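Okay, structure first, notes after.
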Amino acid sequence: MTDGGGGRSWRLVRADTDAVPTSVRRFMARARQRRLRAALPWAVTAGSLLVVGALAWLVYGTSVLGVRQVDVVGTDSLTPLQVEQAASVRMRQPLAGVDLERIRGRVEGLPAVGRAVVSRSWPSTVVIQIVERTPVAAVPVGKDFALIDAEGVAFRTVSRRPSGLPVAQLVAPGPDDINTRSALTVLSALTAELREQLVSISVPAPAQVRLGLRKDRTVIWGDETQSETKAQVATALLEREGNTIDVSAPDVVTIR
């Protein structure tokens, strides 16, 4: 640069790095490193949040990992289609957002289902495992039979009594019916020998339980108390002559 009076001329030049003292260069390098170290956690956090957000959007907000299949396990009298229809699982909804408890409630609303477990199987399947109710007796209802389980729940109606099930003569079968509960208590206490010969159980009142056996034999049971003892005594008397075995007082039995 030249001034107007013809004086000195000046020009800007970039100093060579060798012209900067070593101590200054080290100071500047350490300052840059400190700035980088200070910024690094923020950069890592921001990057992690972006990754987590992208993954959450992928899992919960899109159908990439959506439901494409429903697997039903454990059906016997029911069909897998009946369970699927009751479950009402919406296809292609994000698998992570499926309300498993609500599905379980709908499936357990089927009378024949005693218990259901619903789970996710990644990447795209809802698995429904069911345990169907097991019938323990058949209750006559008109010309048909209502099957009841060990809790007294009537869950299915059939036109013929299934082989191997006793007929339960009950006026109002159900879990809350006292006569039903008496019948179930007695049935659960029977020995294998009695169960094999059992044809029917009649409970017109809680203290008037009777068993009908093959060959027109009858066991007068009385009430449900001491059922295990009564079962053992009745079993021991099966080989005796007589059509009526009275174990209502198991300490003093009669047979005639």
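Letters A, B, ... go to the chains of the structure tokens in the order shown; residues in each chain start at 1; ligands are counted from 1 in the same order.
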
Residue neighbourhood region 147-161 of chain A, 7 Å, only C-alpha atoms, exclusion window fewer than 4 positions, as a VMD selection string: chain A and resid 111 to 112 133 to 139 143 173 to 175 180 184

Which parts of region 165-226 of chain A does DSSP call strand (DSSP E) when run on the backbone here, written out as JSON, numbers by chain? {"A": [167, 168, 169, 198, 199, 200, 201, 202, 209, 210, 211, 212, 213, 217, 218, 219, 220, 221, 222]}

May I have the residues within 10 Å of Glu108 (chain A) as a VMD selection string, using only C-alpha atoms and disregarding those fewer than 6 positions away in the same chain? chain A and resid 83 86 to 87 102 114 to 117 130 to 132

According to DSSP computed on the backbone, where in region 46-170 of chain A is there alpha helix (DSSP H)? Give the residues as JSON, numbers by chain. {"A": [46, 47, 48, 49, 50, 51, 52, 53, 54, 55, 56, 57, 58, 59, 60, 80, 81, 82, 83, 84, 85, 86, 87, 100, 101, 102, 103, 104, 105, 106, 107, 108]}

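Neighbours of Glu196 (chain A) closer than or equal to 9 Å, with only C-alpha atoms counted and sequence neighbours fewer than 3 positions away skipped, come out as Gly164, Thr191, Ala192, Glu193, Val199 and Leu213 of chain A.
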
Restricted to N, CA and C atoms, what would the selected residues look like written as a PDB file, in the first residue's frame?
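File selection11.pdb, as written:
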ATOM      1  N   GLY A 164     -67.918 -91.536  28.638  1.00  0.00           N
ATOM      2  CA  GLY A 164     -67.005 -91.391  29.766  1.00  0.00           C
ATOM      3  C   GLY A 164     -67.375 -90.288  30.728  1.00  0.00           C
ATOM      4  N   THR A 191     -62.444 -92.399  43.649  1.00  0.00           N
ATOM      5  CA  THR A 191     -61.316 -93.239  43.272  1.00  0.00           C
ATOM      6  C   THR A 191     -61.454 -93.637  41.801  1.00  0.00           C
ATOM      7  N   ALA A 192     -60.387 -94.171  41.247  1.00  0.00           N
ATOM      8  CA  ALA A 192     -60.419 -94.597  39.844  1.00  0.00           C
ATOM      9  C   ALA A 192     -61.465 -95.690  39.637  1.00  0.00           C
ATOM     10  N   GLU A 193     -61.626 -96.587  40.627  1.00  0.00           N
ATOM     11  CA  GLU A 193     -62.599 -97.679  40.496  1.00  0.00           C
ATOM     12  C   GLU A 193     -64.027 -97.140  40.463  1.00  0.00           C
ATOM     13  N   VAL A 199     -72.066 -93.679  36.461  1.00  0.00           N
ATOM     14  CA  VAL A 199     -72.957 -93.346  35.351  1.00  0.00           C
ATOM     15  C   VAL A 199     -73.566 -91.969  35.563  1.00  0.00           C
ATOM     16  N   LEU A 213     -74.323 -96.134  39.637  1.00  0.00           N
ATOM     17  CA  LEU A 213     -73.244 -96.932  39.065  1.00  0.00           C
ATOM     18  C   LEU A 213     -73.801 -97.901  38.024  1.00  0.00           C
TER      19      LEU A 213
END

Would you pick out the contacts of region 225-240 of chain A at 10 Å or less, using only C-alpha atoms, so that residues sharing its chain but fewer than 3 positions from it are not included, and give the list as a PyMOL selection string? chain A and resi 182+185-195+197+207+217+219-222+243+245-251+253-256
